[in-house]
$ cat run-v2.cif   # mmCIF, C-alpha atoms
data_upload
#
loop_
_atom_site.label_atom_id
_atom_site.label_comp_id
_atom_site.auth_asym_id
_atom_site.auth_seq_id
_atom_site.Cartn_x
_atom_site.Cartn_y
_atom_site.Cartn_z
CA MET A 4 54.25 -34.56 -46.26
CA VAL A 5 55.63 -33.23 -42.98
CA ARG A 6 53.56 -33.54 -39.80
CA ILE A 7 54.17 -32.42 -36.23
CA SER A 8 52.14 -32.80 -33.06
CA LEU A 9 52.15 -30.04 -30.45
CA ALA A 10 50.77 -30.37 -26.93
CA THR A 11 48.44 -27.46 -26.04
CA PRO A 12 46.15 -26.77 -23.07
CA ILE A 13 43.20 -28.02 -25.19
CA GLY A 14 44.65 -31.15 -26.73
CA PHE A 15 47.19 -31.78 -29.43
CA LEU A 16 47.54 -29.46 -32.39
CA ILE A 17 48.48 -31.48 -35.44
CA VAL A 18 50.11 -29.42 -38.19
CA ALA A 19 50.97 -30.80 -41.63
CA GLY A 20 52.33 -29.44 -44.87
CA ASN A 21 55.08 -29.68 -47.39
CA GLU A 22 58.66 -28.46 -46.93
CA THR A 23 57.70 -24.79 -47.32
CA HIS A 24 54.01 -24.33 -46.46
CA ILE A 25 51.39 -25.45 -43.96
CA ARG A 26 48.39 -27.18 -45.51
CA GLU A 27 46.38 -28.20 -42.47
CA ALA A 28 46.15 -27.82 -38.71
CA TYR A 29 43.61 -29.53 -36.50
CA PHE A 30 43.07 -30.56 -32.90
CA SER A 31 43.25 -34.12 -31.64
CA ASP A 32 42.83 -35.76 -28.28
CA ARG A 33 45.98 -37.80 -28.87
CA PRO A 34 49.37 -37.01 -30.35
CA PHE A 35 50.52 -38.32 -33.70
CA PRO A 36 54.14 -39.16 -34.33
CA ASP A 37 56.11 -36.43 -36.05
CA GLU A 38 57.03 -37.52 -39.55
CA GLY A 39 58.53 -36.40 -42.80
CA GLY A 40 61.66 -34.68 -41.60
CA LEU A 41 62.26 -30.97 -41.39
CA ALA A 42 60.31 -28.13 -42.93
CA ALA A 43 61.06 -24.43 -42.90
CA TRP A 44 57.87 -23.64 -40.93
CA ILE A 45 58.22 -26.11 -38.04
CA ASN A 46 60.23 -23.92 -35.68
CA GLU A 47 57.95 -20.92 -36.30
CA VAL A 48 54.83 -23.02 -35.63
CA ARG A 49 56.30 -24.20 -32.33
CA ILE A 50 57.31 -20.67 -31.25
CA GLN A 51 54.12 -18.93 -32.37
CA SER A 52 51.83 -21.61 -30.90
CA GLU A 53 53.62 -21.48 -27.55
CA ASP A 54 53.45 -17.67 -27.58
CA TYR A 55 49.73 -17.75 -28.45
CA PHE A 56 48.83 -20.13 -25.64
CA SER A 57 50.97 -18.19 -23.14
CA GLY A 58 49.19 -14.94 -24.11
CA LYS A 59 52.15 -13.29 -25.83
CA LEU A 60 50.95 -13.60 -29.46
CA THR A 61 47.73 -12.25 -30.96
CA GLN A 62 48.32 -12.79 -34.71
CA PHE A 63 49.94 -15.74 -36.46
CA ASN A 64 52.36 -15.12 -39.30
CA LEU A 65 52.93 -18.47 -40.98
CA PRO A 66 53.24 -19.70 -44.58
CA PHE A 67 50.08 -21.41 -45.87
CA ASP A 68 49.16 -23.27 -49.05
CA LEU A 69 45.44 -23.79 -48.59
CA LYS A 70 43.33 -25.93 -50.85
CA GLY A 71 39.76 -24.79 -51.34
CA THR A 72 37.40 -23.07 -53.73
CA ALA A 73 37.82 -19.39 -54.53
CA PHE A 74 34.83 -18.65 -52.28
CA GLN A 75 36.23 -20.68 -49.38
CA ARG A 76 39.58 -18.91 -49.69
CA SER A 77 37.81 -15.52 -49.69
CA VAL A 78 35.97 -16.44 -46.47
CA TRP A 79 39.21 -17.66 -44.87
CA ALA A 80 40.90 -14.39 -45.86
CA VAL A 81 38.18 -12.37 -44.10
CA VAL A 82 38.26 -14.66 -41.05
CA SER A 83 42.05 -14.25 -40.89
CA GLN A 84 41.53 -10.52 -40.36
CA ILE A 85 39.31 -10.86 -37.27
CA PRO A 86 41.41 -9.33 -34.49
CA PHE A 87 42.43 -11.25 -31.41
CA GLY A 88 39.82 -10.81 -28.69
CA GLU A 89 37.01 -9.98 -31.12
CA THR A 90 34.26 -11.99 -32.76
CA ARG A 91 32.24 -11.66 -35.95
CA THR A 92 28.97 -13.26 -36.96
CA TYR A 93 28.42 -15.27 -40.10
CA LEU A 94 26.22 -12.41 -41.33
CA GLU A 95 28.98 -9.84 -40.76
CA ILE A 96 31.38 -11.94 -42.82
CA ALA A 97 28.78 -12.29 -45.58
CA GLU A 98 28.32 -8.50 -45.51
CA THR A 99 32.09 -8.03 -45.82
CA LEU A 100 31.97 -10.29 -48.88
CA GLY A 101 29.19 -8.13 -50.33
CA ASN A 102 26.16 -10.42 -50.10
CA THR A 103 24.10 -10.97 -46.95
CA LYS A 104 22.49 -14.04 -48.53
CA LEU A 105 25.80 -15.91 -48.22
CA THR A 106 25.48 -16.53 -44.48
CA ARG A 107 25.03 -20.31 -44.81
CA ALA A 108 27.77 -20.52 -47.42
CA VAL A 109 30.07 -18.65 -45.04
CA GLY A 110 29.26 -21.24 -42.38
CA GLN A 111 30.06 -24.08 -44.77
CA ALA A 112 33.34 -22.48 -45.82
CA ASN A 113 34.23 -22.00 -42.17
CA ALA A 114 33.44 -25.66 -41.51
CA HIS A 115 36.02 -26.60 -44.15
CA ASN A 116 38.77 -24.37 -42.75
CA PRO A 117 41.90 -26.53 -43.10
CA CYS A 118 43.96 -24.61 -40.52
CA LEU A 119 42.12 -24.39 -37.22
CA LEU A 120 43.57 -21.88 -34.79
CA PHE A 121 45.84 -20.22 -37.39
CA ILE A 122 42.83 -19.10 -39.45
CA PRO A 123 40.75 -18.17 -36.41
CA CYS A 124 37.32 -19.50 -37.33
CA HIS A 125 36.70 -19.94 -33.60
CA ARG A 126 36.11 -16.16 -33.64
CA VAL A 127 32.99 -16.61 -35.78
CA ILE A 128 29.78 -16.91 -33.77
CA GLY A 129 26.06 -17.05 -34.44
CA GLY A 130 24.01 -13.88 -34.79
CA THR A 131 22.54 -14.27 -31.31
CA GLY A 132 25.98 -14.74 -29.75
CA ASN A 133 25.82 -18.54 -29.65
CA LEU A 134 29.05 -20.43 -30.17
CA THR A 135 27.56 -22.57 -32.97
CA GLY A 136 29.79 -25.30 -34.37
CA TYR A 137 33.54 -25.66 -34.53
CA ALA A 138 35.46 -28.47 -36.22
CA GLY A 139 37.72 -28.66 -33.16
CA GLY A 140 34.71 -29.00 -30.85
CA THR A 141 32.67 -26.30 -29.14
CA ASP A 142 34.50 -26.96 -25.86
CA ARG A 143 37.73 -25.88 -27.57
CA LYS A 144 36.00 -22.93 -29.22
CA PHE A 145 34.76 -21.80 -25.80
CA TRP A 146 38.27 -22.16 -24.33
CA LEU A 147 39.87 -20.20 -27.18
CA LEU A 148 37.36 -17.34 -26.94
CA LYS A 149 37.75 -17.19 -23.19
CA HIS A 150 41.56 -17.28 -23.59
CA GLU A 151 41.28 -14.29 -25.94
CA ASN A 152 38.81 -12.52 -23.61
CA SER A 153 36.39 -12.23 -26.51
CA PRO A 154 33.19 -10.38 -25.67
CA GLY A 155 29.89 -10.93 -27.39
CA PHE A 156 29.45 -14.68 -27.17
CA LYS A 157 27.03 -16.46 -24.88
CA ILE A 158 28.34 -18.99 -22.44
CA ILE A 159 26.06 -21.86 -23.40
CA GLN A 160 28.06 -24.72 -21.92
CA LEU A 161 30.77 -25.34 -19.42
CA THR A 162 34.16 -26.16 -20.81
CA LEU A 163 35.00 -29.85 -20.66
CA PHE A 164 38.64 -29.16 -19.78
CA ASN A 165 39.65 -29.22 -16.15
CA SER A 166 40.37 -26.10 -14.13
CA SER A 167 44.11 -26.81 -14.08
CA ASP A 168 44.19 -25.59 -17.70
CA GLY A 169 44.59 -22.06 -16.38
CA ILE A 170 41.35 -20.56 -17.64
#

$ encode --input "run-v2.cif" --output "structure tokens"
Amino acid sequence: MVRISLATPIGFLIVAGNETHIREAYFSDRPFPDEGGLAAWINEVRIQSEDYFSGKLTQFNLPFDLKGTAFQRSVWAVVSQIPFGETRTYLEIAETLGNTKLTRAVGQANAHNPCLLFIPCHRVIGGTGNLTGYAGGTDRKFWLLKHENSPGFKIIQLTLFNSSDGI
């Protein structure tokens, strides 16, 4: 396993995978030591993450090997297509999958997204515009949506990051 830790304006992004593919990405309040040597994706993760946080990148193009059920992978595929600066509701994703009764299942699949940020589940909001949950924390979800200038979500809390973060 290869793991790197990247400093971002909202904490550390920890990215792990094998030599050829990313398997997980999550936020942490502290860095973890890089380990496992080199992998083909490391340089691209560094470049694309820096470009995203500086406002130059709107779509990630990275190699993934995601573990999950067929349903989870179908939800993550739909979520991956939500454009930068836009949001979708859980219901809209369920409709895209062909069954409006899957709203809760969509939420559960989103909660198990192994690659936060890269599979932009922060762009999924509640039907009333509420931020709802986010495995990286709703303060990070708020920051990411504001960074992307996403309309349609309600500001229900103040971000916990200080104003020197540039947003």

$ resolve_selection --input "run-v2.cif" --expression "the PyMOL selection byres ((chain A and resi 87-93) around 10)" --output "short mmCIF file (atom, residue, chain, number, x, y, z; two decimals) with C-alpha atoms, in the frame of the given file"
data_model
loop_
_atom_site.label_atom_id
_atom_site.label_comp_id
_atom_site.auth_asym_id
_atom_site.auth_seq_id
_atom_site.Cartn_x
_atom_site.Cartn_y
_atom_site.Cartn_z
CA LEU A 60 50.95 -13.60 -29.46
CA THR A 61 47.73 -12.25 -30.96
CA GLN A 62 48.32 -12.79 -34.71
CA VAL A 78 35.97 -16.44 -46.47
CA VAL A 82 38.26 -14.66 -41.05
CA SER A 83 42.05 -14.25 -40.89
CA GLN A 84 41.53 -10.52 -40.36
CA ILE A 85 39.31 -10.86 -37.27
CA PRO A 86 41.41 -9.33 -34.49
CA LEU A 94 26.22 -12.41 -41.33
CA GLU A 95 28.98 -9.84 -40.76
CA ILE A 96 31.38 -11.94 -42.82
CA ALA A 97 28.78 -12.29 -45.58
CA GLU A 98 28.32 -8.50 -45.51
CA THR A 99 32.09 -8.03 -45.82
CA THR A 103 24.10 -10.97 -46.95
CA LEU A 105 25.80 -15.91 -48.22
CA THR A 106 25.48 -16.53 -44.48
CA ARG A 107 25.03 -20.31 -44.81
CA ALA A 108 27.77 -20.52 -47.42
CA VAL A 109 30.07 -18.65 -45.04
CA GLY A 110 29.26 -21.24 -42.38
CA ASN A 113 34.23 -22.00 -42.17
CA PRO A 123 40.75 -18.17 -36.41
CA CYS A 124 37.32 -19.50 -37.33
CA HIS A 125 36.70 -19.94 -33.60
CA ARG A 126 36.11 -16.16 -33.64
CA VAL A 127 32.99 -16.61 -35.78
CA ILE A 128 29.78 -16.91 -33.77
CA GLY A 129 26.06 -17.05 -34.44
CA GLY A 130 24.01 -13.88 -34.79
CA THR A 131 22.54 -14.27 -31.31
CA GLY A 132 25.98 -14.74 -29.75
CA ASN A 133 25.82 -18.54 -29.65
CA LEU A 134 29.05 -20.43 -30.17
CA LEU A 147 39.87 -20.20 -27.18
CA LEU A 148 37.36 -17.34 -26.94
CA LYS A 149 37.75 -17.19 -23.19
CA HIS A 150 41.56 -17.28 -23.59
CA GLU A 151 41.28 -14.29 -25.94
CA ASN A 152 38.81 -12.52 -23.61
CA SER A 153 36.39 -12.23 -26.51
CA PRO A 154 33.19 -10.38 -25.67
CA GLY A 155 29.89 -10.93 -27.39
CA PHE A 156 29.45 -14.68 -27.17
#

$ residues_around --input "run-v2.cif" --residues "A:His115" --least-positions-apart "6" --cutoff "9 Å" --atoms "only C-alpha atoms" --output "PyMOL selection string"
chain A and resi 71+75+138

$ atom_distance --input "run-v2.cif" --atom1 "atom CA of A:Ala73" --atom2 "atom CA of A:Thr23"
21.8 Å

$ closest_residue --input "run-v2.cif" --among "A:Trp146, A:Phe63, A:Phe121, A:Phe30" --to "A:Trp79" --atoms "only C-alpha atoms"
A:Phe121

$ atom_distance --input "run-v2.cif" --atom1 "atom CA of A:Glu47" --atom2 "atom CA of A:Leu119"
16.2 Å

$ atom_distance --input "run-v2.cif" --atom1 "atom CA of A:Tyr29" --atom2 "atom CA of A:Gly139"
6.8 Å

$ closest_residue --input "run-v2.cif" --among "A:Cys118, A:Met4, A:Ala10, A:Leu16" --to "A:Gly39" --atoms "all atoms listed in the file"
A:Met4

$ closest_residue --input "run-v2.cif" --among "A:Val48, A:Ile7, A:Ala42, A:Ile122" --to "A:Ser77" --atoms "all atoms listed in the file"
A:Ile122
